[in-house]
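Structure file data.cif (mmCIF, C-alpha atoms) follows.
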data_protein
#
loop_
_atom_site.label_atom_id
_atom_site.label_comp_id
_atom_site.auth_asym_id
_atom_site.auth_seq_id
_atom_site.Cartn_x
_atom_site.Cartn_y
_atom_site.Cartn_z
CA MET Y 1341 115.68 99.18 107.39
CA ASP Y 1342 118.61 99.86 109.71
CA LEU Y 1343 119.45 102.96 107.73
CA ILE Y 1344 115.86 104.19 107.96
CA ASN Y 1345 116.05 103.78 111.73
CA TYR Y 1346 119.33 105.67 111.67
CA VAL Y 1347 117.62 108.54 109.86
CA HIS Y 1348 114.88 108.55 112.50
CA GLU Y 1349 117.44 108.60 115.29
CA GLN Y 1350 119.34 111.47 113.74
CA LEU Y 1351 116.47 113.66 112.67
CA SER Y 1352 113.54 113.23 115.02
CA GLN Y 1353 113.55 114.86 118.40
CA LYS Y 1354 113.58 112.57 121.37
CA ARG Y 1355 110.91 113.30 123.94
CA THR Y 1356 108.19 111.48 125.76
CA LEU Y 1357 104.55 112.44 125.66
CA ALA Y 1358 102.13 111.31 128.35
CA ASP Y 1359 101.65 107.55 128.30
CA PHE Y 1360 98.13 107.27 126.92
CA LYS Y 1361 96.33 104.31 125.40
CA PRO Y 1362 93.39 103.86 123.03
CA GLY Y 1363 90.20 104.76 124.91
CA ASP Y 1364 91.80 107.50 126.97
CA ASN Y 1365 90.39 111.00 126.84
CA VAL Y 1366 93.18 113.47 126.13
CA VAL Y 1367 93.76 117.16 125.54
CA VAL Y 1368 96.33 117.80 122.82
CA SER Y 1369 97.83 121.28 122.87
CA TYR Y 1370 98.87 122.05 119.35
CA LYS Y 1371 100.84 124.99 118.04
CA ILE Y 1372 99.20 126.80 115.15
CA VAL Y 1373 101.00 129.36 113.00
CA GLU Y 1374 98.78 131.99 111.37
CA GLY Y 1375 100.94 134.24 109.27
CA ALA Y 1376 103.42 135.64 111.73
CA LYS Y 1377 101.34 134.86 114.81
CA GLU Y 1378 101.57 131.70 116.82
CA ARG Y 1379 98.97 130.36 119.18
CA ILE Y 1380 98.16 127.17 120.97
CA GLN Y 1381 94.95 125.31 120.31
CA ASP Y 1382 93.56 122.51 122.44
CA PHE Y 1383 91.94 119.48 120.89
CA ARG Y 1384 90.08 117.30 123.37
CA GLY Y 1385 88.78 113.86 122.49
CA ASP Y 1386 89.18 110.11 122.75
CA VAL Y 1387 92.23 108.32 121.41
CA ILE Y 1388 90.83 105.75 118.98
CA GLN Y 1389 94.02 104.52 117.36
CA ILE Y 1390 97.79 104.38 117.82
CA LYS Y 1391 99.60 103.37 114.68
CA GLY Y 1392 103.06 103.06 113.18
CA SER Y 1393 106.53 102.96 114.66
CA GLY Y 1394 109.62 105.09 114.88
CA SER Y 1395 109.28 108.70 113.86
CA THR Y 1396 106.21 107.97 111.73
CA LYS Y 1397 104.13 106.79 114.70
CA THR Y 1398 100.79 108.58 114.95
CA PHE Y 1399 97.67 108.69 117.11
CA THR Y 1400 94.11 109.57 116.18
CA VAL Y 1401 91.85 111.62 118.42
CA ARG Y 1402 88.08 111.70 117.88
CA LYS Y 1403 85.59 114.14 119.28
CA ILE Y 1404 82.04 115.26 118.56
CA ALA Y 1405 82.00 118.94 117.64
CA SER Y 1406 78.51 120.48 117.35
CA GLY Y 1407 76.99 117.14 116.45
CA VAL Y 1408 79.61 116.23 113.86
CA GLY Y 1409 82.33 113.67 114.47
CA VAL Y 1410 85.83 115.14 114.03
CA GLU Y 1411 89.01 113.10 113.93
CA ARG Y 1412 92.56 114.41 113.92
CA ILE Y 1413 95.73 112.47 113.37
CA PHE Y 1414 98.83 113.66 115.25
CA PRO Y 1415 102.38 112.38 114.66
CA PHE Y 1416 104.14 111.60 117.93
CA ALA Y 1417 107.28 113.25 116.58
CA SER Y 1418 105.56 116.49 115.58
CA PRO Y 1419 107.35 119.52 117.03
CA ASN Y 1420 104.01 121.34 116.96
CA ILE Y 1421 102.59 119.24 119.79
CA VAL Y 1422 103.19 121.29 122.92
CA ASP Y 1423 101.64 118.93 125.44
CA VAL Y 1424 99.27 115.98 125.82
CA LYS Y 1425 97.25 115.70 129.03
CA ILE Y 1426 95.21 112.66 129.99
CA THR Y 1427 91.85 113.69 131.38
CA LYS Y 1428 90.27 110.22 131.71
CA HIS Y 1429 91.51 106.66 131.41
CA GLY Y 1430 89.12 104.56 129.36
CA LYS Y 1431 88.25 100.91 129.77
CA VAL Y 1432 88.20 99.32 126.34
CA ARG Y 1433 88.71 95.84 124.95
CA ARG Y 1434 90.38 96.58 121.64
CA ALA Y 1435 93.26 98.58 120.24
CA LYS Y 1436 91.37 100.31 117.44
CA LEU Y 1437 88.07 101.88 118.46
CA PHE Y 1438 86.57 102.39 115.02
CA TYR Y 1439 83.22 101.05 116.24
CA LEU Y 1440 82.71 104.43 117.91
CA ARG Y 1441 82.18 105.97 114.48
CA GLU Y 1442 78.91 104.08 114.12
CA LEU Y 1443 77.64 105.07 117.55
CA VAL Y 1444 76.12 108.33 118.74
CA GLY Y 1445 74.94 109.76 122.03
CA LYS Y 1446 75.04 107.65 125.16
CA LYS Y 1447 76.24 104.55 123.31
CA ALA Y 1448 79.39 106.32 122.14
CA ARG Y 1449 80.66 106.72 125.69
CA ILE Y 1450 83.73 104.90 126.96
CA LYS Y 1451 83.67 103.43 130.49
CA GLU Y 1452 86.16 104.97 132.84
CA ARG Y 1453 88.99 102.96 134.28
CA LYS Y 1454 90.16 103.69 137.81
CA VAL Y 1455 93.91 104.17 137.95
CA ASN Y 1456 95.85 104.05 141.21
CA LYS Y 1457 98.36 106.80 141.15
CA MET Z 357 126.55 117.90 84.93
CA ASN Z 358 127.61 116.92 88.41
CA GLY Z 359 126.17 113.84 89.97
CA ILE Z 360 126.66 110.75 92.05
CA ILE Z 361 125.53 107.13 92.01
CA GLY Z 362 123.61 105.71 94.97
CA LYS Z 363 121.29 103.02 96.20
CA LYS Z 364 117.65 103.53 97.18
CA VAL Z 365 117.12 102.54 100.80
CA GLY Z 366 113.43 103.30 101.26
CA MET Z 367 110.99 105.99 102.20
CA THR Z 368 110.10 107.70 105.44
CA SER Z 369 108.89 111.09 106.61
CA ILE Z 370 110.61 113.65 108.79
CA HIS Z 371 109.64 116.90 110.47
CA LEU Z 372 111.42 120.06 109.41
CA GLU Z 373 112.32 122.88 111.78
CA ASN Z 374 109.13 124.73 110.91
CA GLY Z 375 107.02 121.75 111.95
CA LYS Z 376 106.16 120.64 108.41
CA ASN Z 377 106.12 116.91 107.81
CA VAL Z 378 107.72 115.94 104.50
CA SER Z 379 107.88 112.46 103.04
CA CYS Z 380 111.24 111.70 101.54
CA THR Z 381 113.29 108.94 99.98
CA VAL Z 382 116.52 107.85 101.65
CA ILE Z 383 119.37 107.19 99.21
CA GLU Z 384 122.67 105.71 100.33
CA ALA Z 385 125.50 107.13 98.22
CA LYS Z 386 128.81 105.82 99.47
CA PRO Z 387 131.82 107.62 97.98
CA ASN Z 388 132.11 107.08 94.23
CA VAL Z 389 135.46 106.30 92.64
CA ILE Z 390 136.66 108.26 89.62
CA THR Z 391 137.55 105.55 87.09
CA GLN Z 392 138.21 107.72 84.07
CA MET Z 393 138.57 111.42 83.30
CA LYS Z 394 137.77 112.28 79.71
CA THR Z 395 139.06 115.53 78.29
CA GLU Z 396 138.43 117.55 75.18
CA GLU Z 397 141.92 116.82 73.85
CA SER Z 398 141.86 113.05 74.15
CA ASP Z 399 138.15 112.18 73.82
CA GLY Z 400 136.51 115.20 72.23
CA TYR Z 401 134.44 116.05 75.28
CA ASN Z 402 134.83 116.45 79.02
CA ALA Z 403 133.42 113.82 81.37
CA PHE Z 404 134.00 112.00 84.62
CA GLN Z 405 133.36 108.29 84.89
CA LEU Z 406 132.29 107.24 88.36
CA ALA Z 407 131.89 103.76 89.85
CA TYR Z 408 129.79 102.59 92.79
CA GLY Z 409 129.00 99.43 94.73
CA GLU Z 410 130.59 96.04 95.23
CA ARG Z 411 130.63 93.06 92.91
CA LYS Z 412 132.36 89.70 92.72
CA ALA Z 413 135.54 89.69 90.66
CA LYS Z 414 134.47 86.54 88.76
CA ASN Z 415 131.48 88.42 87.30
CA LEU Z 416 133.62 91.02 85.56
CA SER Z 417 135.33 90.70 82.21
CA GLN Z 418 139.10 91.01 82.31
CA GLY Z 419 138.93 94.12 80.15
CA LEU Z 420 136.68 95.89 82.62
CA MET Z 421 138.77 94.61 85.50
CA GLY Z 422 141.88 96.11 83.93
CA HIS Z 423 140.08 99.40 83.39
CA LEU Z 424 139.14 99.54 87.09
CA GLU Z 425 142.62 98.52 88.19
CA LYS Z 426 144.00 101.54 86.34
CA ALA Z 427 142.05 103.67 88.80
CA GLY Z 428 143.39 101.54 91.64
CA THR Z 429 140.03 100.11 92.63
CA GLY Z 430 138.36 96.70 92.76
CA PRO Z 431 135.29 95.30 90.97
CA LYS Z 432 132.38 97.72 90.97
CA GLN Z 433 128.65 97.20 90.53
CA LYS Z 434 127.84 100.23 88.39
CA ILE Z 435 129.93 102.52 86.22
CA ILE Z 436 128.37 105.69 84.87
CA GLU Z 437 129.71 108.64 82.93
CA PHE Z 438 128.79 112.19 83.90
CA ARG Z 439 129.32 114.60 81.03
CA ASP Z 440 130.86 117.97 81.80
CA PHE Z 441 131.44 117.08 85.42
CA ASP Z 442 132.78 120.25 86.97
CA PRO Z 443 135.19 119.52 89.84
CA THR Z 444 135.68 123.25 90.46
CA SER Z 445 132.13 123.44 91.82
CA LEU Z 446 132.76 120.74 94.40
CA VAL Z 447 132.86 121.93 97.97
CA SER Z 448 134.51 120.09 100.80
CA PRO Z 449 132.11 120.04 103.74
CA ALA Z 450 133.16 122.23 106.64
CA ALA Z 451 134.61 120.30 109.53
CA GLU Z 452 133.56 121.01 113.12
CA GLY Z 453 134.68 124.44 114.22
CA GLU Z 454 136.20 125.28 110.85
CA GLU Z 455 134.99 128.00 108.60
CA ALA Z 456 133.08 126.86 105.53
CA PRO Z 457 135.30 127.06 102.44
CA ALA Z 458 134.39 129.60 99.82
CA GLU Z 459 132.31 128.23 96.98
CA GLY Z 460 133.89 127.90 93.57
CA GLU Z 461 137.33 127.18 94.93
CA GLY Z 462 136.86 123.58 94.00
CA LEU Z 463 138.75 120.45 94.82
CA ALA Z 464 141.54 119.00 92.76
CA LYS Z 465 140.38 115.52 91.80
CA LYS Z 466 142.43 112.93 89.98
CA LEU Z 467 141.98 109.37 88.77
CA GLY Z 468 141.10 106.98 91.58
CA ASP Z 469 139.93 109.70 93.96
CA LEU Z 470 136.71 109.41 95.88
CA ILE Z 471 133.80 111.77 95.48
CA SER Z 472 131.45 111.89 98.43
CA VAL Z 473 127.86 113.03 98.44
CA SER Z 474 128.43 116.06 100.63
CA GLU Z 475 130.99 117.38 98.17
CA VAL Z 476 128.55 117.36 95.29
CA PHE Z 477 125.29 118.41 96.96
CA LYS Z 478 124.20 120.59 99.79
CA GLU Z 479 120.87 120.77 101.55
CA GLY Z 480 118.24 122.64 99.57
CA ASP Z 481 119.68 121.79 96.15
CA VAL Z 482 117.30 120.97 93.31
CA VAL Z 483 118.29 117.68 91.66
CA ASN Z 484 117.12 115.11 89.14
CA VAL Z 485 116.99 111.44 90.07
CA ILE Z 486 117.26 108.71 87.44
CA GLY Z 487 116.30 105.11 88.08
CA THR Z 488 114.57 102.08 86.62
CA SER Z 489 110.91 101.97 87.59
CA LYS Z 490 109.39 98.88 89.16
CA GLY Z 491 108.26 96.28 86.63
CA LYS Z 492 104.49 95.77 86.63
CA GLY Z 493 104.25 92.91 84.11
CA PHE Z 494 101.52 92.78 81.46
CA GLN Z 495 98.97 95.47 82.29
CA GLY Z 496 95.78 96.66 80.69
CA VAL Z 497 95.15 100.09 79.23
CA VAL Z 498 93.62 101.52 82.41
CA LYS Z 499 96.82 101.12 84.40
CA ARG Z 500 99.25 101.45 81.49
CA HIS Z 501 97.87 104.50 79.70
CA GLY Z 502 95.39 105.94 82.17
CA PHE Z 503 92.29 105.09 80.12
CA LYS Z 504 89.06 105.67 82.01
CA GLY Z 505 87.43 102.31 81.32
CA VAL Z 506 83.66 102.14 81.49
CA ASN Z 507 82.46 103.88 84.62
CA ASP Z 508 79.17 102.08 84.65
CA ALA Z 509 78.47 98.52 85.71
CA THR Z 510 74.83 98.69 84.57
CA HIS Z 511 73.11 99.95 81.40
CA GLY Z 512 73.93 96.78 79.52
CA GLN Z 513 77.62 96.61 80.43
CA HIS Z 514 79.07 93.19 80.92
CA ASN Z 515 82.78 92.29 81.18
CA ARG Z 516 83.67 95.71 79.75
CA GLN Z 517 84.65 97.83 82.76
CA ARG Z 518 88.37 98.06 81.92
CA ALA Z 519 88.24 97.51 78.15
CA PRO Z 520 90.03 99.92 75.75
CA GLY Z 521 87.02 100.60 73.49
CA SER Z 522 87.40 101.14 69.75
CA ILE Z 523 90.89 100.95 68.24
CA GLY Z 524 89.98 102.47 64.87
CA ALA Z 525 87.49 102.77 62.03
CA ALA Z 526 86.35 100.03 59.61
CA SER Z 527 87.16 99.22 55.94
CA TYR Z 528 88.91 102.56 55.65
CA PRO Z 529 91.73 102.66 56.84
CA ALA Z 530 91.35 98.87 57.25
CA LYS Z 531 94.24 98.75 59.70
CA VAL Z 532 95.13 99.72 63.20
CA PHE Z 533 97.45 102.71 63.28
CA LYS Z 534 100.95 102.23 64.61
CA GLY Z 535 101.45 103.44 68.15
CA MET Z 536 97.81 102.73 69.14
CA ARG Z 537 97.89 102.51 72.90
CA MET Z 538 97.10 98.99 74.08
CA GLY Z 539 97.89 96.68 76.97
CA GLY Z 540 101.38 95.27 77.41
CA ARG Z 541 104.53 95.19 79.48
CA THR Z 542 104.49 98.06 81.95
CA GLY Z 543 107.18 99.57 84.15
CA GLY Z 544 110.85 98.64 84.20
CA ASN Z 545 111.77 101.75 82.20
CA ARG Z 546 114.49 104.29 82.80
CA ILE Z 547 112.72 107.23 84.44
CA LYS Z 548 114.10 110.64 85.32
CA MET Z 549 112.33 112.51 88.11
CA GLN Z 550 113.09 116.19 87.74
CA ASN Z 551 113.35 119.07 90.19
CA LEU Z 552 113.39 117.14 93.45
CA GLN Z 553 114.70 118.85 96.55
CA VAL Z 554 117.54 117.66 98.74
CA VAL Z 555 116.05 117.83 102.24
CA LYS Z 556 118.94 116.53 104.33
CA ILE Z 557 122.40 115.04 103.95
CA LEU Z 558 123.71 112.72 106.66
CA GLN Z 559 127.40 112.71 105.93
CA ASP Z 560 128.43 110.03 108.44
CA LYS Z 561 126.48 107.27 106.70
CA HIS Z 562 126.52 108.91 103.24
CA LEU Z 563 122.74 109.28 103.19
CA VAL Z 564 120.76 111.79 101.13
CA LEU Z 565 117.11 112.51 101.88
CA ILE Z 566 115.23 113.62 98.79
CA LYS Z 567 111.73 115.05 98.94
CA GLY Z 568 109.15 112.82 97.30
CA ALA Z 569 109.41 109.47 95.56
CA VAL Z 570 112.12 108.24 93.21
CA PRO Z 571 111.84 105.44 90.65
CA GLY Z 572 112.81 101.87 91.47
CA HIS Z 573 112.58 99.29 94.21
CA LYS Z 574 114.50 99.27 97.47
CA GLY Z 575 118.14 98.49 96.79
CA ALA Z 576 117.93 99.77 93.22
CA ILE Z 577 120.77 101.82 91.76
CA VAL Z 578 119.80 105.46 91.21
CA ILE Z 579 121.68 108.42 89.77
CA ILE Z 580 121.36 111.82 91.43
CA GLU Z 581 122.41 114.70 89.20
CA LYS Z 582 122.45 118.43 89.57
#
Represent the structure of the file as structure tokens.
Amino acid sequence: MDLINYVHEQLSQKRTLADFKPGDNVVVSYKIVEGAKERIQDFRGDVIQIKGSGSTKTFTVRKIASGVGVERIFPFASPNIVDVKITKHGKVRRAKLFYLRELVGKKARIKERKVNK
Amino acid sequence: MNGIIGKKVGMTSIHLENGKNVSCTVIEAKPNVITQMKTEESDGYNAFQLAYGERKAKNLSQGLMGHLEKAGTGPKQKIIEFRDFDPTSLVSPAAEGEEAPAEGEGLAKKLGDLISVSEVFKEGDVVNVIGTSKGKGFQGVVKRHGFKGVNDATHGQHNRQRAPGSIGAASYPAKVFKGMRMGGRTGGNRIKMQNLQVVKILQDKHLVLIKGAVPGHKGAIVIIEK
């Protein structure tokens, strides 16, 4: 295990993304390569899960796009993530918000948490 | 064939420069000792015998101990012969600030010398990895031979979901043919995974990252060959 951690230390870039938690609403700016062109795409949604450790740590963002639930998993260590912005802090009672998958409309909202900056 | 003996550490995934995430196996290959050099004149073929790992001296026969002492080394865990090992293709890794040595120059290796992983492989090489697969115990035909089983739980099926079905005809041939695939001991075989890619080499800790999975459990001895 120590050697695996050594590999992570050597090969994954060290940087800190915004400190978000499950329930927060975030905008992930993600680099997309189409042939020779590069552009940045935003994915806005609620963080429903943070999972893993080291350079294999990931987070899952869920949003409703034209009536269909869409989830995307991003690795924290991905060099394609340009930026993560927190738009809303959510007030939730658990670490994995999979119950949101069963809910639609007004019930699928997350209460906002006031944060003193 | 050039190669090296190592130990499987485990699996992880890393991001490449182009942003791709690849899962890879980490193999620790500390420098191997050359314990014998066979030549056409003395043995009829060319080969290098390499040794890897540590072992207690009391677990080695005196004959083997003497053989290792000839190479000036202590008790070793694993000794493997690589046929037609070509030392002229070895490349010493370029030190900081130095120019990379021209390929094909080779390194003069003699008995008792160490061969390190960065001398044998470079990043991007295509290699084969040999290991002993994990033992699965006594398994049925679905896991062992990939039989489909019965895909239906209804239509009169009962206790038959993973059964092998018929194993032959009746009074002619009145026997089950040899080699009929049935349940039994599974895994624990010598497996060679071919055409795997060397993703990264971390020279300081003698680690090789190989794309994909390799046979065996964590801590198992594996052979990487080119």
Practice task
Apply the PyMOL selection byres ((chain Z and resi 388) around 7) to the file shown and report the selected residues as an NGL selection string.
Solution key: :Z and (360-361 or 386-387 or 389-390 or 406-408 or 470-472)
Once you count only C-alpha atoms, what closest atom pair and distance in Å to one decimal does each residue of chain Y within 8 Å of chain Z have, with rows by chain and rising residue number, as a Markdown table?
| residue | atom | partner | partner_atom | distance |
| --- | --- | --- | --- | --- |
| Y:Met1341 | CA | Z:Val365 | CA | 7.5 |
| Y:Leu1343 | CA | Z:Val365 | CA | 7.3 |
| Y:Ile1344 | CA | Z:Gly366 | CA | 7.2 |
| Y:His1348 | CA | Z:Ile370 | CA | 7.6 |
| Y:Leu1351 | CA | Z:Ile370 | CA | 7.0 |
| Y:Ser1352 | CA | Z:Ile370 | CA | 6.9 |
| Y:Ser1395 | CA | Z:Ile370 | CA | 7.2 |
| Y:Thr1396 | CA | Z:Ser369 | CA | 6.6 |
| Y:Ala1417 | CA | Z:His371 | CA | 7.5 |
| Y:Ser1418 | CA | Z:His371 | CA | 6.6 |
| Y:Pro1419 | CA | Z:Gly375 | CA | 5.6 |
| Y:Asn1420 | CA | Z:Gly375 | CA | 5.9 |
Exercise for the section: Report as an MDAnalysis selection string the full result of the PyMOL selection byres ((chain Z and resi 409) around 6) when it is applied to this structure. Expected result: chainID Z and resid 408 410 432:433
Handout entry: Distance query Z:Phe503 at most 12 Å, all atoms listed in the file, self and fewer than 2 positions along chain excluded, as a ChimeraX atom specification
Key = /Z:495-501,505-507,517-521,537-539
Problem - Explicit residue set for the PyMOL selection byres ((chain Y and resi 1358) around 7), as a VMD selection string - result: chain Y and resid 1356 to 1357 1359 to 1360 1424 to 1425
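Ranking Z:Gln559, Z:Ala576, Z:Val532, Z:Phe494 by their shortest atom-to-atom distance to Y:Gln1350, with only C-alpha atoms included, puts Z:Gln559 first.
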Exercise for the section: Do a neighbour search on Z:Gly493 at 9 Å with all atoms listed in the file, toss out local chain neighbours closer than 5 positions, and write the hits as number ranges by chain. Expected result: Z: 540-544
Practice task
Would you list the residues near (135.8, 118.5, 78.9), meaning any protein, DNA or RNA residue with an atom at most 12 Å from that point in file coordinates, counting all atoms listed in the file, as JSON, numbers by chain?
Solution key: {"Z": [357, 393, 394, 395, 396, 397, 398, 399, 400, 401, 402, 403, 404, 438, 439, 440, 441, 442, 443]}
Practice task
May I ask for the distance between atom CA of Z:Ile580 and atom CA of Z:Gly359, given in Å to one decimal place?
Solution key: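 Spanning atom CA of Z:Ile580 to atom CA of Z:Gly359 is a straight-line distance of 5.4 Å.
You will find atom CA of Z:Gly480 at 18.5 Å from atom CA of Z:Asp560.
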Completion exercise
Expressed in Å, the length from atom CA of Y:Gly1409 to atom CA of Y:Leu1440 is 9.9 Å
Problem - 6 Å contact set for stretch 547-555 of chain Z, all atoms listed in the file, chain neighbours under 5 positions out, as a list in words - result: Glu479, Gly480, Asp481, Val482, Val483, Asn484, Val485, Ile486, Gly487, Thr488, Leu565, Ile566 and Lys567 of chain Z
Contacts of Y:Lys1431 at 12 Å (all atoms listed in the file; same-chain gap of 5+ positions) as a CSV table (one decimal) with C-alpha atoms, in the frame of the given file:
chain,number,residue,atom,x,y,z
Y,1361,LYS,CA,96.3,104.3,125.4
Y,1362,PRO,CA,93.4,103.9,123.0
Y,1363,GLY,CA,90.2,104.8,124.9
Y,1364,ASP,CA,91.8,107.5,127.0
Y,1365,ASN,CA,90.4,111.0,126.8
Y,1386,ASP,CA,89.2,110.1,122.8
Y,1387,VAL,CA,92.2,108.3,121.4
Y,1437,LEU,CA,88.1,101.9,118.5
Y,1449,ARG,CA,80.7,106.7,125.7
Y,1450,ILE,CA,83.7,104.9,127.0
Y,1451,LYS,CA,83.7,103.4,130.5
Y,1452,GLU,CA,86.2,105.0,132.8
Y,1453,ARG,CA,89.0,103.0,134.3
Y,1454,LYS,CA,90.2,103.7,137.8
Y,1455,VAL,CA,93.9,104.2,138.0
Assuming 4 Å of padding per side, give the centre and edge lengths of the axis-aligned box around every listed atom of stretch 564-582 of chain Z, in Å to one decimal and as JSON.
{"center_x": 115.8, "center_y": 108.5, "center_z": 95.5, "size_x": 21.3, "size_y": 27.9, "size_z": 20.7}
Practice task
Quick one: everything within 12 Å of Y:Ile1388, counting all atoms listed in the file, minus sequence neighbours fewer than 6 positions away in the same chain. Send it as number ranges by chain.
Solution key: Y: 1360-1366, 1398-1403, 1410-1414, 1430, 1432-1441, 1448, 1450
May I ask you to restore N, CA and C atoms in stretch 1346-1362 of chain Y and write the result as a PDB file, keeping the file's coordinate frame?
ATOM      1  N   TYR Y1346     118.254 104.706 111.423  1.00  0.00           N
ATOM      2  CA  TYR Y1346     119.330 105.670 111.670  1.00  0.00           C
ATOM      3  C   TYR Y1346     118.866 107.084 111.344  1.00  0.00           C
ATOM      4  N   VAL Y1347     118.148 107.225 110.242  1.00  0.00           N
ATOM      5  CA  VAL Y1347     117.620 108.540 109.860  1.00  0.00           C
ATOM      6  C   VAL Y1347     116.672 109.047 110.940  1.00  0.00           C
ATOM      7  N   HIS Y1348     115.815 108.147 111.444  1.00  0.00           N
ATOM      8  CA  HIS Y1348     114.880 108.550 112.500  1.00  0.00           C
ATOM      9  C   HIS Y1348     115.649 109.007 113.735  1.00  0.00           C
ATOM     10  N   GLU Y1349     116.659 108.248 114.098  1.00  0.00           N
ATOM     11  CA  GLU Y1349     117.440 108.600 115.290  1.00  0.00           C
ATOM     12  C   GLU Y1349     118.088 109.963 115.139  1.00  0.00           C
ATOM     13  N   GLN Y1350     118.600 110.234 113.936  1.00  0.00           N
ATOM     14  CA  GLN Y1350     119.340 111.470 113.740  1.00  0.00           C
ATOM     15  C   GLN Y1350     118.426 112.679 113.655  1.00  0.00           C
ATOM     16  N   LEU Y1351     117.252 112.489 113.057  1.00  0.00           N
ATOM     17  CA  LEU Y1351     116.470 113.660 112.670  1.00  0.00           C
ATOM     18  C   LEU Y1351     115.212 113.904 113.464  1.00  0.00           C
ATOM     19  N   SER Y1352     114.756 112.937 114.258  1.00  0.00           N
ATOM     20  CA  SER Y1352     113.540 113.230 115.020  1.00  0.00           C
ATOM     21  C   SER Y1352     113.915 113.493 116.465  1.00  0.00           C
ATOM     22  N   GLN Y1353     113.226 114.470 117.032  1.00  0.00           N
ATOM     23  CA  GLN Y1353     113.550 114.860 118.400  1.00  0.00           C
ATOM     24  C   GLN Y1353     113.098 113.765 119.364  1.00  0.00           C
ATOM     25  N   LYS Y1354     113.910 113.586 120.384  1.00  0.00           N
ATOM     26  CA  LYS Y1354     113.580 112.570 121.370  1.00  0.00           C
ATOM     27  C   LYS Y1354     112.851 113.227 122.528  1.00  0.00           C
ATOM     28  N   ARG Y1355     111.654 112.798 122.789  1.00  0.00           N
ATOM     29  CA  ARG Y1355     110.910 113.300 123.940  1.00  0.00           C
ATOM     30  C   ARG Y1355     109.788 112.326 124.216  1.00  0.00           C
ATOM     31  N   THR Y1356     109.251 112.406 125.405  1.00  0.00           N
ATOM     32  CA  THR Y1356     108.190 111.480 125.760  1.00  0.00           C
ATOM     33  C   THR Y1356     106.920 112.270 126.049  1.00  0.00           C
ATOM     34  N   LEU Y1357     105.860 111.886 125.367  1.00  0.00           N
ATOM     35  CA  LEU Y1357     104.550 112.440 125.660  1.00  0.00           C
ATOM     36  C   LEU Y1357     103.934 111.596 126.767  1.00  0.00           C
ATOM     37  N   ALA Y1358     102.832 112.081 127.322  1.00  0.00           N
ATOM     38  CA  ALA Y1358     102.130 111.310 128.350  1.00  0.00           C
ATOM     39  C   ALA Y1358     101.806 109.922 127.826  1.00  0.00           C
ATOM     40  N   ASP Y1359     101.831 108.945 128.713  1.00  0.00           N
ATOM     41  CA  ASP Y1359     101.650 107.550 128.300  1.00  0.00           C
ATOM     42  C   ASP Y1359     100.163 107.227 128.206  1.00  0.00           C
ATOM     43  N   PHE Y1360      99.570 107.531 127.079  1.00  0.00           N
ATOM     44  CA  PHE Y1360      98.130 107.270 126.920  1.00  0.00           C
ATOM     45  C   PHE Y1360      97.911 106.054 126.042  1.00  0.00           C
ATOM     46  N   LYS Y1361      96.686 105.514 126.137  1.00  0.00           N
ATOM     47  CA  LYS Y1361      96.330 104.310 125.400  1.00  0.00           C
ATOM     48  C   LYS Y1361      95.038 104.572 124.626  1.00  0.00           C
ATOM     49  N   PRO Y1362      94.688 103.722 123.688  1.00  0.00           N
ATOM     50  CA  PRO Y1362      93.390 103.860 123.030  1.00  0.00           C
ATOM     51  C   PRO Y1362      92.279 103.806 124.070  1.00  0.00           C
TER      52      PRO Y1362
END
